[in-house]
Amino acid sequence: MQELVTSRGAFAVKTSFHPPDLDGEDAEFQAAACAAGVSAPAVLRTTDGAWHAEIGGSPVRVYEWVDLLPPDKAFDPVAVGRIVAAIHCTPFSGVRPEDPWYTEPVGGPAWDAVVDDLAAADAPFAPDLAAMRAELVALEVFLRRSATLRTCHRDLWAENIRPAASGGLCVIDWENCGLADPGHEVAGVVFEFGHGDPDRAGAVYEEYRRAGGPGTVRTRSDFSMTIAQLGHITEMACRIWLDPGTTEDERRRQEWRIAEAVEQPLTIDLIDALLDAVAS
């Protein structure tokens with residue numbers, strides 16, 4: 001994302017799209033959410049009404065510019081719950097299907113291969129991943145397909161629910177949106193913004209439900225999306241680190257991702273604590 005300053009003001013310009021992103025559904029969902037009161041950058045249409053333009057052979061999309069502050073997992077949990085409820089209450093009928101990234105396990109054999117390859121490469125975090133292997137596989141036992149589907153953001157980490165310089169929260173990066181269980185999505189938000197504090201986790205969920213959020217968090221399996229996402233993110237980071245073609249700068253970036261997974265892991269005990277927090 002780059003800032004474009006013009007005589008009409010500042011805009012955000014994005015060029016990094018995968019082909020499925022160009023169906024426009026994410027832009028339509030983002031626009032619908034904005035219309036429903038969700039704070040998010042407006043998406044600008046082209047003069048012929050399209051959501052992106054081809055410039056120099058590359059797809060380009062332009063957004064309203066919003067000054068954002070760094071991610072803050074300790075932000076007001078009430079505000080977090082309220083904005084996620086508003087996203088889930090947005091009137092929108094999308095057709096992007098469920099994605100294995102959010103529903104399927106990495107699997108024991110794949111985790112074993114990653115652990116072995118990291119040890120063979122003498123990766124500095126290899127012992128940490130080896131120690132986590134049993135828990136990672138145990139978590140995947142609770143994966144369940146969504147029972148109730150609606151279009152969700154599917155990437156509601158603190159990186160994408162950001163404090164705005166002007167106040168409040170702003171939701172960005174809607175490209176991964178698609179069908180999912182809203183309960184599975186809000187469970188991930190409870191984990192991310194609970195920030196290890198049961199009172200915060202309970203406050204996120206309580207405000208989400210009070211504001212009309214349709215998702216419910218009642219069982220370990222309601223954390224399916226979070227289990228799958230974190231598993232795939234961690235495996236992908238390890239595989240990028242192991243790739244001989246990866247630059248040192250990129251390796252350091254992946255080491256940061258893996259360190260986050262090691263230092264703030266999702267565990268069965270933590271899920272149970274979060275379930276107690278939202279139940280109370």
# chains A, B, ... in the order shown; residues from 1 in each chain; ligands from 1
$ residues_around --residues "Ala31 of chain A" --least-positions-apart "4" --cutoff "8 Å" --atoms "only C-alpha atoms" --output "list in words"
Ala27, Ala35, Ala42 and Val43 of chain A
$ residues_around --residues "His153 of chain A" --least-positions-apart "5" --cutoff "9 Å" --atoms "only C-alpha atoms" --output "number ranges by chain"
A: 26, 29-30, 87-88, 173-180, 185
$ write_last_selection --atoms "N, CA and C atoms" --output "PDB file, in the first residue's frame"
ATOM      1  N   ASP A  26     -14.583  -8.336  -2.238  1.00  0.00           N
ATOM      2  CA  ASP A  26     -14.049  -7.710  -1.033  1.00  0.00           C
ATOM      3  C   ASP A  26     -14.333  -6.214  -1.013  1.00  0.00           C
ATOM      4  N   PHE A  29     -18.002  -5.761  -0.209  1.00  0.00           N
ATOM      5  CA  PHE A  29     -18.266  -6.015   1.208  1.00  0.00           C
ATOM      6  C   PHE A  29     -17.758  -4.847   2.056  1.00  0.00           C
ATOM      7  N   GLN A  30     -16.571  -4.344   1.727  1.00  0.00           N
ATOM      8  CA  GLN A  30     -16.010  -3.207   2.454  1.00  0.00           C
ATOM      9  C   GLN A  30     -16.914  -1.985   2.317  1.00  0.00           C
ATOM     10  N   ILE A  87     -19.473  -5.439  11.686  1.00  0.00           N
ATOM     11  CA  ILE A  87     -19.073  -6.154  10.464  1.00  0.00           C
ATOM     12  C   ILE A  87     -20.006  -7.341  10.228  1.00  0.00           C
ATOM     13  N   HIS A  88     -20.267  -8.105  11.277  1.00  0.00           N
ATOM     14  CA  HIS A  88     -21.096  -9.309  11.151  1.00  0.00           C
ATOM     15  C   HIS A  88     -22.572  -8.998  10.945  1.00  0.00           C
ATOM     16  N   ASP A 173      -7.660  -4.015   5.076  1.00  0.00           N
ATOM     17  CA  ASP A 173      -7.274  -5.282   4.432  1.00  0.00           C
ATOM     18  C   ASP A 173      -8.417  -6.297   4.394  1.00  0.00           C
ATOM     19  N   TRP A 174      -9.388  -6.021   3.539  1.00  0.00           N
ATOM     20  CA  TRP A 174     -10.580  -6.853   3.409  1.00  0.00           C
ATOM     21  C   TRP A 174     -10.438  -7.913   2.317  1.00  0.00           C
ATOM     22  N   GLU A 175      -9.271  -8.036   1.701  1.00  0.00           N
ATOM     23  CA  GLU A 175      -9.127  -8.896   0.531  1.00  0.00           C
ATOM     24  C   GLU A 175      -9.382 -10.369   0.809  1.00  0.00           C
ATOM     25  N   ASN A 176      -9.201 -10.810   2.059  1.00  0.00           N
ATOM     26  CA  ASN A 176      -9.386 -12.226   2.383  1.00  0.00           C
ATOM     27  C   ASN A 176     -10.815 -12.585   2.766  1.00  0.00           C
ATOM     28  N   CYS A 177     -11.738 -11.649   2.597  1.00  0.00           N
ATOM     29  CA  CYS A 177     -13.111 -11.914   3.036  1.00  0.00           C
ATOM     30  C   CYS A 177     -13.720 -13.090   2.278  1.00  0.00           C
ATOM     31  N   GLY A 178     -14.731 -13.690   2.903  1.00  0.00           N
ATOM     32  CA  GLY A 178     -15.428 -14.809   2.284  1.00  0.00           C
ATOM     33  C   GLY A 178     -16.303 -15.492   3.322  1.00  0.00           C
ATOM     34  N   LEU A 179     -16.948 -16.557   2.919  1.00  0.00           N
ATOM     35  CA  LEU A 179     -17.868 -17.244   3.814  1.00  0.00           C
ATOM     36  C   LEU A 179     -17.129 -17.917   4.974  1.00  0.00           C
ATOM     37  N   ALA A 180     -17.690 -17.741   6.159  1.00  0.00           N
ATOM     38  CA  ALA A 180     -17.140 -18.354   7.370  1.00  0.00           C
ATOM     39  C   ALA A 180     -18.202 -18.282   8.446  1.00  0.00           C
ATOM     40  N   GLU A 185     -15.043 -16.584  13.838  1.00  0.00           N
ATOM     41  CA  GLU A 185     -14.247 -15.368  13.658  1.00  0.00           C
ATOM     42  C   GLU A 185     -14.142 -14.571  14.957  1.00  0.00           C
TER      43      GLU A 185
END
$ closest_residue --among "A:Tyr205, A:Glu54, A:Leu149, A:His184" --to "Ala277 of chain A" --atoms "only C-alpha atoms"
A:Tyr205
$ select_by_dssp --residues "segment 129-265 of chain A" --states "strand (DSSP E or B)" --output "number ranges by chain"
A: 150-152, 161-164, 169-171, 178-180
$ select_by_dssp --residues "segment 59-280 of chain A" --states "helix (DSSP H, G or I)" --output "PyMOL selection string"
chain A and resi 77-88+100-103+108-120+126-140+182-194+198-210+220-242+248-263+268-279
$ closest_atom_pairs --of "segment 39-138 of chain A" --to "segment 192-195 of chain A" --cutoff "10 Å" --atoms "only C-alpha atoms" --output "tab-separated table"
residue	atom	partner	partner_atom	distance
A:Asp72	CA	A:Phe193	CA	8.4
A:Lys73	CA	A:Phe193	CA	4.9
A:Ala74	CA	A:Phe193	CA	6.4
A:Phe75	CA	A:Phe193	CA	7.6
A:Asp76	CA	A:Phe193	CA	8.9
A:Pro77	CA	A:Phe193	CA	6.9
A:Val80	CA	A:Phe193	CA	7.8
A:Gly81	CA	A:Phe193	CA	9.4
$ write_last_selection --atoms "N, CA and C atoms" --output "mmCIF file, in the first residue's frame"
data_model
loop_
_atom_site.group_PDB
_atom_site.id
_atom_site.type_symbol
_atom_site.label_atom_id
_atom_site.label_comp_id
_atom_site.auth_asym_id
_atom_site.auth_seq_id
_atom_site.Cartn_x
_atom_site.Cartn_y
_atom_site.Cartn_z
ATOM 1 N N ASP A 72 -2.620 -2.354 18.313
ATOM 2 C CA ASP A 72 -2.691 -2.264 19.770
ATOM 3 C C ASP A 72 -3.667 -3.321 20.291
ATOM 4 N N LYS A 73 -3.132 -4.460 20.724
ATOM 5 C CA LYS A 73 -3.975 -5.532 21.248
ATOM 6 C C LYS A 73 -4.631 -5.152 22.573
ATOM 7 N N ALA A 74 -4.122 -4.094 23.203
ATOM 8 C CA ALA A 74 -4.671 -3.653 24.481
ATOM 9 C C ALA A 74 -5.690 -2.532 24.295
ATOM 10 N N PHE A 75 -6.143 -2.289 23.066
ATOM 11 C CA PHE A 75 -7.129 -1.240 22.821
ATOM 12 C C PHE A 75 -8.435 -1.583 23.541
ATOM 13 N N ASP A 76 -9.259 -0.563 23.757
ATOM 14 C CA ASP A 76 -10.535 -0.711 24.452
ATOM 15 C C ASP A 76 -11.300 -1.931 23.937
ATOM 16 N N PRO A 77 -11.499 -2.966 24.780
ATOM 17 C CA PRO A 77 -12.165 -4.191 24.311
ATOM 18 C C PRO A 77 -13.615 -3.962 23.922
ATOM 19 N N VAL A 80 -13.616 -2.849 20.378
ATOM 20 C CA VAL A 80 -13.300 -3.985 19.497
ATOM 21 C C VAL A 80 -14.539 -4.847 19.290
ATOM 22 N N GLY A 81 -15.210 -5.211 20.376
ATOM 23 C CA GLY A 81 -16.413 -6.036 20.252
ATOM 24 C C GLY A 81 -17.483 -5.369 19.415
#
$ closest_atom_pairs --of "segment 111-177 of chain A" --to "segment 248-254 of chain A" --cutoff "12 Å" --atoms "only C-alpha atoms" --output "CSV"
residue,atom,partner,partner_atom,distance
A:Ala123,CA,A:Arg251,CA,10.5
A:Pro124,CA,A:Arg252,CA,11.2
A:Phe125,CA,A:Gln254,CA,10.9
$ write_last_selection --atoms "C-alpha atoms" --output "PDB file, in the first residue's frame"
ATOM      1  CA  ALA A 123      17.169 -23.138  12.901  1.00  0.00           C
ATOM      2  CA  PRO A 124      17.468 -21.106  16.127  1.00  0.00           C
ATOM      3  CA  PHE A 125      13.787 -21.708  16.919  1.00  0.00           C
TER       4      PHE A 125
END
$ residues_around --residues "Gly188 of chain A" --least-positions-apart "5" --cutoff "9 Å" --atoms "only C-alpha atoms" --output "PyMOL selection string"
chain A and resi 156-157+183+193+222-227
$ closest_residue --among "A:Asp276, A:Asp269, A:Asp243, A:Gly231" --to "Arg257 of chain A" --atoms "only C-alpha atoms"
A:Gly231
$ closest_residue --among "A:Cys34, A:Leu266, A:Val95, A:Leu4" --to "Arg150 of chain A" --atoms "only C-alpha atoms"
A:Val95
$ closest_residue --among "A:Ala10, A:Ile258, A:Ile233, A:Ala279" --to "Arg218 of chain A" --atoms "only C-alpha atoms"
A:Ala279
$ closest_atom_pairs --of "segment 73-176 of chain A" --to "segment 60-66 of chain A" --cutoff "9 Å" --atoms "only C-alpha atoms" --output "CSV"
residue,atom,partner,partner_atom,distance
A:Ala164,CA,A:Val66,CA,7.2
A:Ala165,CA,A:Val66,CA,8.1
A:Ser166,CA,A:Val66,CA,8.8
A:Cys170,CA,A:Val66,CA,8.3
$ write_last_selection --atoms "C-alpha atoms" --output "PDB file, in the first residue's frame"
ATOM      1  CA  ALA A 164      -6.997   5.679  13.858  1.00  0.00           C
ATOM      2  CA  ALA A 165      -5.104   8.902  14.552  1.00  0.00           C
ATOM      3  CA  SER A 166      -8.437  10.718  14.596  1.00  0.00           C
ATOM      4  CA  CYS A 170     -10.472   1.381  11.585  1.00  0.00           C
TER       5      CYS A 170
END
$ residues_around --residues "Asp23 of chain A" --least-positions-apart "4" --cutoff "10 Å" --atoms "only C-alpha atoms" --output "PDB file with C-alpha atoms, in the first residue's frame"
ATOM      1  CA  PRO A  19      -6.410 -13.031  -9.241  1.00  0.00           C
ATOM      2  CA  ALA A  27     -14.510  -4.135  -2.248  1.00  0.00           C
ATOM      3  CA  GLU A  28     -18.283  -4.570  -2.312  1.00  0.00           C
ATOM      4  CA  TRP A  51     -13.406  -1.551  -8.354  1.00  0.00           C
ATOM      5  CA  HIS A  52      -9.930  -1.611  -9.912  1.00  0.00           C
ATOM      6  CA  ARG A  96     -16.713 -16.465  -2.023  1.00  0.00           C
TER       7      ARG A  96
END
$ closest_residue --among "A:Pro59, A:Pro41, A:Gly108, A:Pro127" --to "Arg162 of chain A" --atoms "only C-alpha atoms"
A:Pro41
$ atom_distance --atom1 "atom CA of Gly167 of chain A" --atom2 "atom CA of Ala86 of chain A"
17.4 Å
$ atom_distance --atom1 "atom CA of Thr151 of chain A" --atom2 "atom CA of Thr90 of chain A"
9.1 Å
$ closest_residue --among "A:Ala12, A:Val106, A:Leu169, A:Cys89" --to "Leu143 of chain A" --atoms "only C-alpha atoms"
A:Val106
